[in-house]
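*Asks:* Structure incoming, see below.
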Amino acid sequence: MASKNKKICYHCGLECPTDDIRINDKYFCCNGCKTVYEMLEANDLCSYYTIDENPGISKQDEIKRNFDFLDDSDLKNKLIDFTDGKVTTVTFDIPQMHCSSCVWILENLYKFNDGITFSEVDFLKKTLSVKFIEAKTSLKEVVELLDSLGYVPNLNLDEKKEDKVKNEYKKLYYKIGIAGFSFGNVMLLSFPEYLSFTDKVTSDMQMIFNWINIFLALPVFLYSASEYYISAFKGLRNKIVNIDVPITLGIFVLFFRSMYEIFIAGGVGYLDSMTALVFLLLTGKIFQNKTYDAMNFERNYKSYFPIAVTIMKNGKETTIPVDKLEVGQRIVVKNNELIPADAILISEQAHIDYSFVTGESQPVEVINGDMIYAGGKEIGEAIEIETVKEVSQSYLTQLWNSKAFDKKHESKIDTTVNFVSKYFTAIILTIASISFIYWVSTDMELAFNAFTAVLIIACPCALALSTPFTLGNAQRIFGRNRFYVKNTSVVEKLSELTSIVFDKTGTITKTAGASIEFVGKDLSEEEKQLIKALVRNSSHPLSLKIASLLKIKSNIKVENYEEISGKGIRGVVGDHSVKIGSYSFTSDQETEKNEAPVAATNVYVSINDKQLGYYKVTNIYRKGLKRIINSLKEKYKLFILSGDNDSEKNNLMEFFPDEEHLYFNQSPHDKLHFIENLQEQNEKVLMIGDGLNDAGALMKSDVGVSISEDINNFSPACDGILDAKSFKYLKDFINFSYTSKKIIITSFIISFFYNLIGIGFAVQGTLSPVVSAILMPISSISIVVFTTVSTNLVAKKRGFL
């Protein structure tokens with residue numbers, strides 16, 4: 001007992017050595033306890049102290065893992081994904097992650113450390129992406145925070161992902177083996193009780209059986225079930241009630257109730273039920289994990305993520321799939337193209353835009369020999385780099401999902417899941433407590449059974465898993481049909497559309513197969529070399545078309561390269577000023593002379609401010625365009641936004657009969673403003689463009705889709721990339737999204753009623769804890785199988801599989 005002159009720590013209850021550490025009338029034994037209190041108070045979590053008097057754990061005696069090794073700069077560089085000295089991103093493997101409550105905790109790390117600006121979970125891959133500010137926190141502090149929450153990351157650099165998973169399974173198998181062995185033997189020793197032969201067993205023999213059962217049950221209680229205790233304890237220590245709290249309570253109730261029965265009441269206890277419960281929980285867990293692994297729609301990004309790179313082969317540029325890129329290989333990166341892997345700059349200098357990674361759009365100047373991180377975007381002339389790390393496709397996809405490119409979209413599905421994750425466990429604890437109080441006065445055994453069964457049967461996992469597996473499977477199916485969406489929320493948003501806006505050039509028309517010729521004065525070899533040198537820096541479809549026409553080789557250096565959306569490209573090639581683009585961009589006149597025939601696009605050329613003529617590219621409409629438009633026009637408002645003049649107006653009206661919905665001479669700003677106007681009218685807009693001139697409109701729209709002739713064109717502003725060959729399936733993709741949403745709603749209803757019925761039986765005492773342990777994983781697996789099979793059947797019916 002504390003002396004009269006000593007103060008008691010408000011947090012942990014220990015005696016305070018001095019009165020110096022205090023906040024108002026609250027005293028603390030150390031700065032650690034004071035810091036925890038301040039963190040709770042700042043996050044409005046001080047209701048924790050109403051649970052019990054001085055409920056905290058003393059921070060004086062807490063043994064922490066030592067993470068000082070994370071201050072080593074060389075090791076840090078191996079672990080992180082990106083850093084510019086100000087902002088750092090890192091991805092952790094979190095094997096302890098297992099339910100929607102875990103997701104909620106890990107995605108709210110910023111509440112515990114203001115240096116963390118963003119954290120996002122990939123539940124099925126059990127990874128956590130964290131972005132933090134170097135001036136406010138460090139990698140070591142982030143890892144220490146995760147450890148304190150019960151989610152210590154796997155930091156083994158030499159261990160492959162497959163080995164990590166194998167080791168986690170090995171630990172689980174050990175626990176299952178011990179629980180299964182104990183469960184079987186405890187049951188065997190309990191047979192006299194089952195068969196009512198207790199009158200033939202002496203009290204001494206019964207006590208021996210009880211001691212053997214305790215000996216067998218202790219490893220199960222202390223080791224096999226330890227993961228549930230650790231997760232629940234660390235959650236509560238940080239004032240979070242996760243799904244392992246009710247499971248831990250159920251195990252504790254069975255064990256300590258058995259101790260009471262054996263040592264005080266003279267009974268045999270319920271150690272058979274306790275060991276069976278842990279064994280079935282662990283068996284269900286590994287069955288769940290194996291099922292998720294088998295159905296994991298994200299297990300191989302390389303099977304569908306659309307990135308190719310340009311390499312020099314035999315003195316010519318060619319493209320290869322990004323997964324074929326090797327360390328030490330040199331690649332060419334053009335204006336606005338993505339850096340696919342960490343690399344060293346071979347060219348003299350470059351300007352890299354890391355907005356894809358950090359959200360900051362200010363380009364960083366890099367010189368020869370400097371490191372360039374994956375996810376950066378080249379701004380300016382083409383550069384040559386040499387890779388020093390393997391390509392991480394999952395990291396590239398993670399960047400695509402960066403908050404910098406997020407759109408404001410209130411997902412009704414996510415809102416429901418977040419509500420469930422946050423309040424479900426507290427509601428279940430309340431129901432279990434009420435059940436116990438109701439039965440305790442009439443039947444103590446029934447009261448314990450009802451309390452324990454309610455805690456175990458009611459799990460939100462089935463409800464939380466229906467969304468990622470349904471939309472994720474839809475995302476996988478889209479990818480197999482060459483429609484690549486950056487995340488599952490895009491699938492949901494596709495089901496809510498009311499308007500569709502099309503760009504013309506490169507969207508409803510195609511450059512592949514289109515004829516091209518130069519109209520104007522005959523170009524000299526030098527002029528052709530100047531043009532080739534400039535267009536090879538651009539990845540625009542028309543630039544690529546011109547480059548393919550000019551078979552000559554040009555190594556003339558380009559300086560002051562600039563690409564202006566909706567206008568053209570320009571730069572100083574050798575000693576000559578070269579401009580290629582629209583008529584107004586290459587001349588002093590604003591209005592183009594309508595010399596082009598119908599169904600053609602003109603790309604003008606100016607050298608030293610003298611317009612030489614134009615490349616005439618015939619427009620070929622995509623196959624099946626009329627059928628696609630006819631299938632969409634009944635349900636959606638359709639619009640055309642074109643940067644060209646209205647020379648093709650009559651042709652377009654064959655596909656789009658409403659003349660008022662055709663807009664010409666539209667600049668990128670005009671397109672953006674048009675999308676904004678539609679959204680102000682409460683329209684849900686799908687914008688389909690080329691991903692270059694339409695970046696602003698794609699970003700602003702509810703869903704922005706970039707059409708690509710070759711899959712190395714990649715714009716982070718878009719939500720999806722549609723291979724030109726799959727354009728004909730546009731209506732089918734939208735309809736499939738709508739069907740996927742209905743499958744989710746159906747699975748929600750099934751899961752809700754399953755939990756309701758299970759809780760109903762548990763409250764009445766007709767559902768035992770052991771049966772609850774069997775049914776809990778079955779519910780989750782059933783929902784996963786239902787959603788996956790349903791989406792596959794619909795996909796097969798639509799010809800996607």
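Naming scheme: A, B, ... for chains in displayed order of the structure tokens; residues 1 onward per chain; ligands 1 onward as shown.
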Please provide as a ChimeraX atom specification all residues within 9 Å of stretch 604-618 of chain A, with the sequence filter that same-chain residues fewer than 4 positions apart are discarded (counting only C-alpha atoms).

*Replies:* /A:511,514-523,527,530-531,542,545-546,576-583,585-587,596-600

*Asks:* Take the residues from that selection and write them out as a CSV table (one decimal), in the first residue's frame, keeping C-alpha atoms.

*Replies:*
```
chain,number,residue,atom,x,y,z
A,511,THR,CA,-3.7,5.1,-85.2
A,514,ALA,CA,-3.9,4.4,-90.2
A,515,SER,CA,-2.1,5.7,-93.3
A,516,ILE,CA,0.3,8.7,-92.9
A,517,GLU,CA,1.9,11.0,-95.4
A,518,PHE,CA,3.6,14.4,-95.4
A,519,VAL,CA,1.8,17.2,-97.2
A,520,GLY,CA,3.9,20.2,-98.1
A,521,LYS,CA,7.4,20.9,-99.3
A,522,ASP,CA,9.7,17.9,-99.8
A,523,LEU,CA,11.7,17.4,-96.6
A,527,GLU,CA,14.9,18.1,-91.7
A,530,LEU,CA,15.4,17.0,-86.8
A,531,ILE,CA,11.8,15.8,-86.8
A,542,LEU,CA,0.7,10.6,-83.2
A,545,LYS,CA,3.2,7.2,-85.8
A,546,ILE,CA,5.5,9.9,-87.3
A,576,HIS,CA,17.3,24.5,-84.8
A,577,SER,CA,14.0,25.4,-83.1
A,578,VAL,CA,11.5,22.7,-84.0
A,579,LYS,CA,7.8,22.6,-83.2
A,580,ILE,CA,5.4,19.8,-84.1
A,581,GLY,CA,1.7,19.9,-83.3
A,582,SER,CA,-1.5,21.9,-84.0
A,583,TYR,CA,-1.7,24.6,-86.7
A,585,PHE,CA,1.0,26.0,-82.1
A,586,THR,CA,3.3,26.0,-85.2
A,587,SER,CA,2.3,29.3,-86.7
A,596,ALA,CA,-7.5,18.1,-94.8
A,597,PRO,CA,-10.1,15.7,-96.2
A,598,VAL,CA,-12.7,14.4,-93.9
A,599,ALA,CA,-11.6,11.6,-91.6
A,600,ALA,CA,-8.0,12.8,-91.2
```

*Asks:* Please run DSSP on the backbone and report, as a PyMOL selection string, all residues within stretch 635-775 of chain A that come out as helix (DSSP H, G or I).

*Replies:* chain A and resi 646-652+659-661+668-680+695-700+724-764+769-775

*Asks:* Mind dumping the selected residues with C-alpha atoms as a PDB file, in the first residue's frame?

*Replies:*
```
ATOM      1  CA  ASP A 646     -15.331  20.018 -86.844  1.00  0.00           C
ATOM      2  CA  SER A 647     -14.347  18.582 -90.236  1.00  0.00           C
ATOM      3  CA  GLU A 648     -15.520  15.136 -89.132  1.00  0.00           C
ATOM      4  CA  LYS A 649     -18.797  16.287 -87.646  1.00  0.00           C
ATOM      5  CA  ASN A 650     -20.954  14.591 -90.288  1.00  0.00           C
ATOM      6  CA  ASN A 651     -19.091  11.292 -89.884  1.00  0.00           C
ATOM      7  CA  LEU A 652     -19.429  11.410 -86.114  1.00  0.00           C
ATOM      8  CA  GLU A 659     -25.448  17.120 -82.494  1.00  0.00           C
ATOM      9  CA  GLU A 660     -25.563  19.087 -79.235  1.00  0.00           C
ATOM     10  CA  HIS A 661     -23.365  16.477 -77.586  1.00  0.00           C
ATOM     11  CA  PRO A 668      -7.419  20.176 -72.049  1.00  0.00           C
ATOM     12  CA  HIS A 669      -8.814  22.943 -69.830  1.00  0.00           C
ATOM     13  CA  ASP A 670     -12.099  22.941 -71.764  1.00  0.00           C
ATOM     14  CA  LYS A 671     -12.432  19.190 -71.263  1.00  0.00           C
ATOM     15  CA  LEU A 672     -11.780  19.517 -67.546  1.00  0.00           C
ATOM     16  CA  HIS A 673     -14.364  22.301 -67.233  1.00  0.00           C
ATOM     17  CA  PHE A 674     -16.909  20.225 -69.166  1.00  0.00           C
ATOM     18  CA  ILE A 675     -16.523  17.313 -66.729  1.00  0.00           C
ATOM     19  CA  GLU A 676     -16.948  19.687 -63.793  1.00  0.00           C
ATOM     20  CA  ASN A 677     -20.182  21.068 -65.264  1.00  0.00           C
ATOM     21  CA  LEU A 678     -21.613  17.574 -65.647  1.00  0.00           C
ATOM     22  CA  GLN A 679     -20.740  16.703 -62.055  1.00  0.00           C
ATOM     23  CA  GLU A 680     -22.421  19.887 -60.824  1.00  0.00           C
ATOM     24  CA  ALA A 695      -5.034  13.830 -67.984  1.00  0.00           C
ATOM     25  CA  GLY A 696      -6.947  16.626 -66.235  1.00  0.00           C
ATOM     26  CA  ALA A 697     -10.344  15.412 -67.406  1.00  0.00           C
ATOM     27  CA  LEU A 698      -9.470  11.812 -66.517  1.00  0.00           C
ATOM     28  CA  MET A 699      -8.441  12.913 -63.040  1.00  0.00           C
ATOM     29  CA  LYS A 700     -11.564  14.994 -62.508  1.00  0.00           C
ATOM     30  CA  ALA A 724      -7.729  -0.961 -77.549  1.00  0.00           C
ATOM     31  CA  LYS A 725      -8.551  -4.560 -78.500  1.00  0.00           C
ATOM     32  CA  SER A 726     -11.020  -4.783 -75.597  1.00  0.00           C
ATOM     33  CA  PHE A 727     -12.832  -1.512 -76.372  1.00  0.00           C
ATOM     34  CA  LYS A 728     -15.696  -3.549 -77.856  1.00  0.00           C
ATOM     35  CA  TYR A 729     -16.444  -4.996 -74.381  1.00  0.00           C
ATOM     36  CA  LEU A 730     -17.018  -1.588 -72.761  1.00  0.00           C
ATOM     37  CA  LYS A 731     -20.749  -2.142 -72.090  1.00  0.00           C
ATOM     38  CA  ASP A 732     -20.051  -5.643 -70.762  1.00  0.00           C
ATOM     39  CA  PHE A 733     -17.478  -4.316 -68.296  1.00  0.00           C
ATOM     40  CA  ILE A 734     -19.958  -1.759 -66.946  1.00  0.00           C
ATOM     41  CA  ASN A 735     -22.759  -4.329 -66.659  1.00  0.00           C
ATOM     42  CA  PHE A 736     -20.432  -6.773 -64.910  1.00  0.00           C
ATOM     43  CA  SER A 737     -19.571  -4.092 -62.324  1.00  0.00           C
ATOM     44  CA  TYR A 738     -23.267  -3.608 -61.616  1.00  0.00           C
ATOM     45  CA  THR A 739     -23.754  -7.371 -61.167  1.00  0.00           C
ATOM     46  CA  SER A 740     -20.735  -7.559 -58.820  1.00  0.00           C
ATOM     47  CA  LYS A 741     -22.300  -4.938 -56.595  1.00  0.00           C
ATOM     48  CA  LYS A 742     -25.503  -6.978 -56.381  1.00  0.00           C
ATOM     49  CA  ILE A 743     -23.461 -10.043 -55.378  1.00  0.00           C
ATOM     50  CA  ILE A 744     -21.906  -8.036 -52.530  1.00  0.00           C
ATOM     51  CA  ILE A 745     -25.312  -6.897 -51.278  1.00  0.00           C
ATOM     52  CA  THR A 746     -26.552 -10.500 -51.392  1.00  0.00           C
ATOM     53  CA  SER A 747     -23.513 -11.731 -49.445  1.00  0.00           C
ATOM     54  CA  PHE A 748     -24.030  -8.958 -46.883  1.00  0.00           C
ATOM     55  CA  ILE A 749     -27.592 -10.140 -46.306  1.00  0.00           C
ATOM     56  CA  ILE A 750     -26.514 -13.797 -46.027  1.00  0.00           C
ATOM     57  CA  SER A 751     -23.719 -12.944 -43.581  1.00  0.00           C
ATOM     58  CA  PHE A 752     -25.967 -10.712 -41.482  1.00  0.00           C
ATOM     59  CA  PHE A 753     -28.672 -13.348 -41.090  1.00  0.00           C
ATOM     60  CA  TYR A 754     -26.091 -16.053 -40.421  1.00  0.00           C
ATOM     61  CA  ASN A 755     -24.683 -14.008 -37.524  1.00  0.00           C
ATOM     62  CA  LEU A 756     -28.180 -13.139 -36.318  1.00  0.00           C
ATOM     63  CA  ILE A 757     -29.298 -16.773 -36.274  1.00  0.00           C
ATOM     64  CA  GLY A 758     -26.054 -17.938 -34.660  1.00  0.00           C
ATOM     65  CA  ILE A 759     -26.276 -15.299 -31.937  1.00  0.00           C
ATOM     66  CA  GLY A 760     -29.921 -16.230 -31.383  1.00  0.00           C
ATOM     67  CA  PHE A 761     -29.080 -19.886 -30.752  1.00  0.00           C
ATOM     68  CA  ALA A 762     -26.060 -18.948 -28.639  1.00  0.00           C
ATOM     69  CA  VAL A 763     -28.079 -16.584 -26.428  1.00  0.00           C
ATOM     70  CA  GLN A 764     -30.586 -19.372 -25.763  1.00  0.00           C
ATOM     71  CA  PRO A 769     -18.739 -23.053 -27.667  1.00  0.00           C
ATOM     72  CA  VAL A 770     -17.228 -26.010 -29.520  1.00  0.00           C
ATOM     73  CA  VAL A 771     -19.895 -25.958 -32.230  1.00  0.00           C
ATOM     74  CA  SER A 772     -19.451 -22.168 -32.457  1.00  0.00           C
ATOM     75  CA  ALA A 773     -15.726 -22.683 -33.073  1.00  0.00           C
ATOM     76  CA  ILE A 774     -16.586 -25.017 -35.962  1.00  0.00           C
ATOM     77  CA  LEU A 775     -19.135 -22.675 -37.514  1.00  0.00           C
TER      78      LEU A 775
END
```

*Asks:* Residues near A:Arg536, anyone? I mean within 9 Å using only C-alpha atoms, not counting same-chain ones fewer than 5 positions away, as a list in words.

*Replies:* Lys334, Glu381, Ala382, Ile531, Ser543, Leu544 and Ala547 of chain A

*Asks:* Give me a file of those residues, with N, CA and C atoms, as a compact mmCIF listing (two decimals), in the first residue's frame.

*Replies:*
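Once everything was written out, this is out-v5.txt:
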```txt
# COMPACT_ATOMS: atom_id res chain seq x y z
N LYS A 334 10.89 8.04 -71.99
CA LYS A 334 10.49 9.24 -72.71
C LYS A 334 9.70 10.18 -71.82
N GLU A 381 13.15 15.74 -72.30
CA GLU A 381 13.65 14.85 -73.35
C GLU A 381 13.87 13.44 -72.83
N ALA A 382 13.91 12.48 -73.77
CA ALA A 382 14.13 11.08 -73.41
C ALA A 382 15.48 10.91 -72.72
N ILE A 531 13.17 16.24 -87.20
CA ILE A 531 11.82 15.82 -86.78
C ILE A 531 11.89 14.51 -85.99
N SER A 543 2.96 11.04 -82.30
CA SER A 543 4.43 11.14 -82.36
C SER A 543 5.03 9.79 -82.74
N LEU A 544 4.49 8.73 -82.14
CA LEU A 544 4.98 7.39 -82.46
C LEU A 544 4.71 7.04 -83.92
N ALA A 547 7.29 8.86 -85.97
CA ALA A 547 8.59 8.22 -85.78
C ALA A 547 8.69 6.93 -86.58
```

*Asks:* Between A:Leu471, A:Ile212, A:Val332, A:Leu155, which one has atoms that come closest to A:Ser539, using only C-alpha atoms?

*Replies:*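 Smallest distance to A:Ser539 is found for A:Val332.
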
*Asks:* Looking at A:Ser554, A:Thr509, A:Asn473, A:Thr425, which one is nearest to A:Lys316, with distances taken over only C-alpha atoms?

*Replies:*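 The answer is A:Ser554, which sits nearest to A:Lys316.
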
*Asks:* If I take atom CA of A:Ser441 and atom CA of A:Phe255, how far is one from the other in Å, to one decimal?

*Replies:* 21.3 Å

*Asks:* Interatomic distance between atom CA of A:Glu496 and atom CA of A:Val685?

*Replies:*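 According to the coordinates, atom CA of A:Glu496 and atom CA of A:Val685 are separated by 8.9 Å.
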
*Asks:* Compile the contact shell of A:Glu141 as a PyMOL selection string: residues with an atom at most 10 Å away, counting only C-alpha atoms, same-chain residues fewer than 2 positions apart removed.

*Replies:* chain A and resi 67-68+70-71+113+115+136-139+143-147

*Asks:* Skip A:Asn630 itself and residues of its chain fewer than 2 positions away, then list as a list in words all residues within 12 Å of it, counting only C-alpha atoms.

*Replies:*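 What passes the distance filter is Gly624, Leu625, Lys626, Arg627, Ile628, Leu632, Lys633, Glu634, Lys635, Tyr636, Lys637, Leu638, Glu654, Phe655, Phe656, Pro657, Lys728, Leu730 and Lys731 of chain A.
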
*Asks:* Among stretch 596-646 of chain A, which ones does DSSP assign to strand (DSSP E) (computed from the backbone)? Answer as a list in words.

*Replies:*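 So the strand (DSSP E) residues in stretch 596-646 of chain A would be Ala600, Thr601, Asn602, Val603, Tyr604, Val605, Ser606, Ile607, Lys610, Gln611, Leu612, Gly613, Tyr614, Tyr615, Lys616, Val617, Thr618, Ile620, Tyr621, Lys637, Leu638, Phe639, Ile640 and Leu641 of chain A.
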
*Asks:* Restricting the output to C-alpha atoms, write the selected residues as a PDB file, in the first residue's frame.

*Replies:*
```pdb
ATOM      1  CA  ALA A 600      -7.985  12.843 -91.174  1.00  0.00           C
ATOM      2  CA  THR A 601      -5.893  14.541 -88.480  1.00  0.00           C
ATOM      3  CA  ASN A 602      -3.180  17.064 -89.351  1.00  0.00           C
ATOM      4  CA  VAL A 603       0.093  17.307 -87.404  1.00  0.00           C
ATOM      5  CA  TYR A 604       1.975  20.452 -88.488  1.00  0.00           C
ATOM      6  CA  VAL A 605       5.758  20.903 -88.565  1.00  0.00           C
ATOM      7  CA  SER A 606       7.657  24.128 -88.021  1.00  0.00           C
ATOM      8  CA  ILE A 607      11.465  24.508 -88.162  1.00  0.00           C
ATOM      9  CA  LYS A 610       8.787  28.391 -90.635  1.00  0.00           C
ATOM     10  CA  GLN A 611       5.857  26.054 -91.198  1.00  0.00           C
ATOM     11  CA  LEU A 612       6.895  23.339 -93.667  1.00  0.00           C
ATOM     12  CA  GLY A 613       3.614  21.423 -93.990  1.00  0.00           C
ATOM     13  CA  TYR A 614       1.801  18.719 -92.077  1.00  0.00           C
ATOM     14  CA  TYR A 615       1.600  14.980 -91.579  1.00  0.00           C
ATOM     15  CA  LYS A 616      -1.832  13.773 -92.601  1.00  0.00           C
ATOM     16  CA  VAL A 617      -2.983  10.825 -90.490  1.00  0.00           C
ATOM     17  CA  THR A 618      -6.207   9.214 -91.666  1.00  0.00           C
ATOM     18  CA  ILE A 620      -9.990   4.925 -88.736  1.00  0.00           C
ATOM     19  CA  TYR A 621     -12.902   4.364 -86.371  1.00  0.00           C
ATOM     20  CA  LYS A 637     -25.766  10.350 -71.808  1.00  0.00           C
ATOM     21  CA  LEU A 638     -22.981  10.241 -74.409  1.00  0.00           C
ATOM     22  CA  PHE A 639     -20.634  13.101 -75.365  1.00  0.00           C
ATOM     23  CA  ILE A 640     -17.689  13.656 -77.728  1.00  0.00           C
ATOM     24  CA  LEU A 641     -14.887  16.098 -76.805  1.00  0.00           C
TER      25      LEU A 641
END
```

*Asks:* Hey, what's within 7 Å of A:Met274 if we count only C-alpha atoms and toss same-chain stuff fewer than 4 positions away? As a list in words, please?

*Replies:*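 Listing them by chain and then by number gives Ile251, Leu254, Phe255, Tyr270 and Val278 of chain A.
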
*Asks:* Determine the nearest neighbour of A:Glu317 from the options A:Ser548, A:Thr387, A:Thr117, A:Ser499, counting only C-alpha atoms.

*Replies:*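 That would be A:Ser548, the residue with the smallest distance to A:Glu317.
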
*Asks:* By how many Å are atom CA of A:Met259 and atom CA of A:Asn185 apart?

*Replies:*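 Computing the Euclidean distance for atom CA of A:Met259 and atom CA of A:Asn185 yields 18.0 Å.
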
*Asks:* With only C-alpha atoms as the atoms that count, which of A:Ser224, A:Asn154, A:Gln362, A:Asn537 lies nearest to A:Phe183?

*Replies:*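 Nearest to A:Phe183: A:Ser224.
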
*Asks:* Ranking A:Met312, A:Ala232, A:Val491, A:Val572 by minimum distance to A:Thr470 and counting only C-alpha atoms, which one comes first?

*Replies:*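 Between A:Met312, A:Ala232, A:Val491, A:Val572, the residue approaching A:Thr470 most closely is A:Val491.
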
*Asks:* Between A:Ile477, A:Leu446, A:Ala225, A:Ile783, single out the one closest to A:Lys171, counting only C-alpha atoms.

*Replies:*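 Selected residue with least distance to A:Lys171: A:Ala225.
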
*Asks:* Which polymer residues have any atom within 7 Å of an atom of A:Leu338, counting only C-alpha atoms, with same-chain residues fewer than 6 positions away left out, as a ChimeraX atom specification?

*Replies:* /A:375-378

*Asks:* For the residues selected in the previous step, produce a file with C-alpha atoms as an mmCIF file, in the first residue's frame.

*Replies:*
```cif
data_model
loop_
_atom_site.group_PDB
_atom_site.id
_atom_site.type_symbol
_atom_site.label_atom_id
_atom_site.label_comp_id
_atom_site.auth_asym_id
_atom_site.auth_seq_id
_atom_site.Cartn_x
_atom_site.Cartn_y
_atom_site.Cartn_z
ATOM 1 C CA GLY A 375 7.584 5.616 -59.633
ATOM 2 C CA GLY A 376 9.237 8.848 -60.769
ATOM 3 C CA LYS A 377 8.179 10.337 -64.101
ATOM 4 C CA GLU A 378 10.543 11.876 -66.623
#
```
